[in-house]
Amino acid sequence: MIRVEDLSIVLPGFALEDIDLQVDPGEAFALLGPTGAGKTLLLEAIIGVVPVTRGRILIDGRNMTGLPPERRRIGILYQDHALFPHLSVAENIAYGQRYCTSALPDLGPLIERLGLQRLLERRIHTLSGGEKQRVALARSLAVAPSVLLLDEPLTALDPNFREDIRSLLKTLHRDTGITLLMVTHDFSEAHFMAQRTAVMNRGRIEQVGTVDAIFDRPETPFVADFVGMKNFFPAVIEEKEAVIGSMRLRCNPREGDFHAVAIRPENIRIRKEPFDGGTENCLEGKLVRILNRGFYADVRVDVKGISFRAIDTRRHLNRTALAEGESVHLAIAPEDIHLMRGRKPELKAPS
Amino acid sequence: MRKTIDDALPLPPPGSGRRRVDPFLGIALAASAIIMAFILLPLVEMVVQPSVEDLRETWSDPDVIRAIGMSLYTSGTAALIAFVLGTPFAYLMARKHFPGKRLVESVVDLPIMIPHPVVGIALLSMAGRHHWFGRILDQLNIQIMGTVTGIVCVLTFVGLPFYINAVKTGFEAVPARLETVSRSLGASPWSTFFRITLPLAWRSMLVGLIMCMARAVSEFGAVVIVAYHPMVAPVMIYERFTAYGLKYSQPVAVGLIMVCLVLFLLLRWASPRKDGTA
């Protein structure tokens, strides 16, 4: 189990502040956030190479805050593998054996499990990216760490190896029951690997919860944007309606004090003809821009001075011959309008 | 666009016809040739002027052998001191960030910029009996003026920046993450240094040692202030030149050039390779 209590790290030009986090025994937990959010810094504080300004770090209930890395029994897997280039594969894997009394007595099964038998005598620079990552994983697991930290372990891999390593990590976690703390900026990776996740931004944790809860119910504008709710508007919630400027959208109200709504682009339907109505919110606006994204297109629609962002397939756009400057109709289901507490940003002007 | 008849003609095959030399390349080549001539001509002249008989006679002179030996011994000792004290210092400068680090780096580079006779004078003024440091040295029975210790002191002073800068660059080339991983696997800072950092940075340390020694072996200005005797090779060259003229100083100089050449070849051999070992 990893427990981070009230942790702050102040560095010149950057600070991690008020970090509270708990990763349960055997859990796979993902730290999500953009580059520069402080994820790796938090990982390096947990491993013990960055001194903390305030707070505590506990591993399996033991306070590790002042201990050097060699006494923490924490494994780490970096995206660039961090293999020792002057040692062979076998020497890399066995590196920690002489130091750790708890190390695996026989590395054979681990080597076999990771498919490294034929690589043992190879030099590091002769390995592929996927092979390097498997060697780094074997090296970490060889000392039987109590927890394993993964710093964007799939980022540097090409797509072929990425899927292999991802499945391998998932299987290893399931079979060994080791506690995993993974840092990533890729939501789909977190979704695949982790049960719970925390979203970090500018040195703070914005939200902690299950991956599904964060995906479906982001609590801050940043998290909403990060999980793809690109339409974010300040709103006044009146009974069953969200009032956005001069627009009124039916929504499913919840208990709480909400000041904003967020809508996923993929939950906005778009066509030339008016929608039937029913329970959906039907809006009319002007198609301002179509941005080609390959198989789909990013569509911007101006409705009464408010810019909506929708996603449509290229096929549908071609079939319906929608073009910039045309009048279009939007439909949004009430259940797809997510109510948020968030602070009130400026309304988006039509671009 | 209007096409001319030249555009329509096929390109001449490479090597045929008159080739136009790029003016920039021409200037660069000319400058390179001047520099090479500037460096090589006096040295070649120096080596070829003395007769074989002169060289044989000079190199069998015990005083000359002793002076070159003293140069190698004192500069080697200076390099060793730089290795012992400079390695941890360079590691600190490569790995740690602290207020005033730029200032410390500038201080390290100072010996490169200070006129070297000034170094000798500064050292002597500290080592005199009127200075508290000089009195401590006196109590410890350590003499600076006119001793091997004094020569080693000034050579260490002038050679240290070369060692520290080379080794610092070598340590910086070793990713700190390797050390983090090593320690996460249970290795202490000492073990990590000797099993990871040192094997990856040893070439830079060797380069630093050779550069430090090469710089020290050629030092004259600081040495002549602190210790005319025991005589090192540059002082002997100066003495023979002022006392007997060019003809007598040249064979000794050729000997010193040969020593520097060997050090230079060692440096080339030990320079960091592209395979990652710094």
# chains A, B, ... in the order shown; residues from 1 in each chain; ligands from 1
>>> select_by_dssp(residues="range 177-224 of chain A", states="alpha helix (DSSP H)", output="list of chain:residue names")
A:Phe187, A:Ser188, A:Glu189, A:Ala190, A:His191, A:Phe192, A:Met193, A:Val211, A:Asp212, A:Ala213, A:Ile214, A:Phe215, A:Asp216, A:Pro221, A:Phe222, A:Val223, A:Ala224
>>> select_by_dssp(residues="range 39-250 of chain A", states="strand (DSSP E or B)", output="PyMOL selection string")
chain A and resi 54-59+62-63+74-78+88+123+147-151+179-184+196-201+204-210+231-234+236-238+241-244+247-250
>>> closest_atom_pairs(of="range 173-194 of chain B", to="range 143-164 of chain A", cutoff="10 Å", atoms="only C-alpha atoms", output="Markdown table")
| residue | atom | partner | partner_atom | distance |
| --- | --- | --- | --- | --- |
| B:Ser184 | CA | A:Pro145 | CA | 9.2 |
| B:Leu185 | CA | A:Val143 | CA | 6.7 |
| B:Gly186 | CA | A:Val143 | CA | 8.5 |
>>> residues_around(residues="Val259 in chain B", least_positions_apart="6", cutoff="9 Å", atoms="only C-alpha atoms", output="PyMOL selection string")
chain B and resi 68+72+214+217
>>> interface_residues(of="chain B", to="chain A", cutoff="8 Å", atoms="only C-alpha atoms", output="JSON, numbers by chain")
{"B": [177, 178, 180, 181, 182, 183, 184, 185, 186, 187, 188, 196, 199, 200, 276, 277]}
>>> residues_around(residues="Val118 in chain B", least_positions_apart="3", cutoff="9 Å", atoms="only C-alpha atoms", output="list of chain:residue names")
B:Ile114, B:Pro115, B:Ile121, B:Ala122, B:Leu123, B:Gly221, B:Ala222, B:Ile225
>>> write_last_selection(atoms="C-alpha atoms", output="short mmCIF file (atom, residue, chain, number, x, y, z; two decimals), in the first residue's frame")
data_model
loop_
_atom_site.label_atom_id
_atom_site.label_comp_id
_atom_site.auth_asym_id
_atom_site.auth_seq_id
_atom_site.Cartn_x
_atom_site.Cartn_y
_atom_site.Cartn_z
CA ILE B 114 45.08 34.38 -14.46
CA PRO B 115 48.61 35.09 -15.82
CA ILE B 121 53.66 35.04 -6.74
CA ALA B 122 50.30 34.50 -4.98
CA LEU B 123 51.39 31.10 -3.76
CA GLY B 221 55.52 30.99 -15.76
CA ALA B 222 54.27 29.82 -12.36
CA ILE B 225 58.63 31.96 -9.71
#
>>> closest_residue(among="A:Leu137, A:Leu31, A:Ile178, A:Ile124", to="Val199 in chain A", atoms="only C-alpha atoms")
A:Leu31
>>> atom_distance(atom1="CA of Glu112 in chain A", atom2="CA of Met182 in chain A")
24.4 Å
>>> residues_around(residues="range 228-235 of chain A", least_positions_apart="2", cutoff="6 Å", atoms="only C-alpha atoms", output="JSON, numbers by chain")
{"A": [224, 225, 226, 242, 243, 244, 259, 260, 261, 262, 263, 264, 344]}
>>> write_last_selection(atoms="C-alpha atoms", output="compact mmCIF listing (two decimals), in the first residue's frame")
# COMPACT_ATOMS: atom_id res chain seq x y z
CA ALA A 224 -13.53 17.83 -17.92
CA ASP A 225 -11.24 19.06 -20.66
CA PHE A 226 -8.68 16.33 -19.95
CA ALA A 242 -29.35 24.75 -17.51
CA VAL A 243 -29.39 28.38 -18.60
CA ILE A 244 -26.39 29.21 -20.80
CA HIS A 259 -22.36 26.58 -11.86
CA ALA A 260 -21.32 25.01 -15.12
CA VAL A 261 -22.12 22.32 -17.66
CA ALA A 262 -19.86 20.15 -19.78
CA ILE A 263 -20.81 18.19 -22.89
CA ARG A 264 -18.74 15.68 -24.84
CA LYS A 344 -16.91 30.27 -14.28
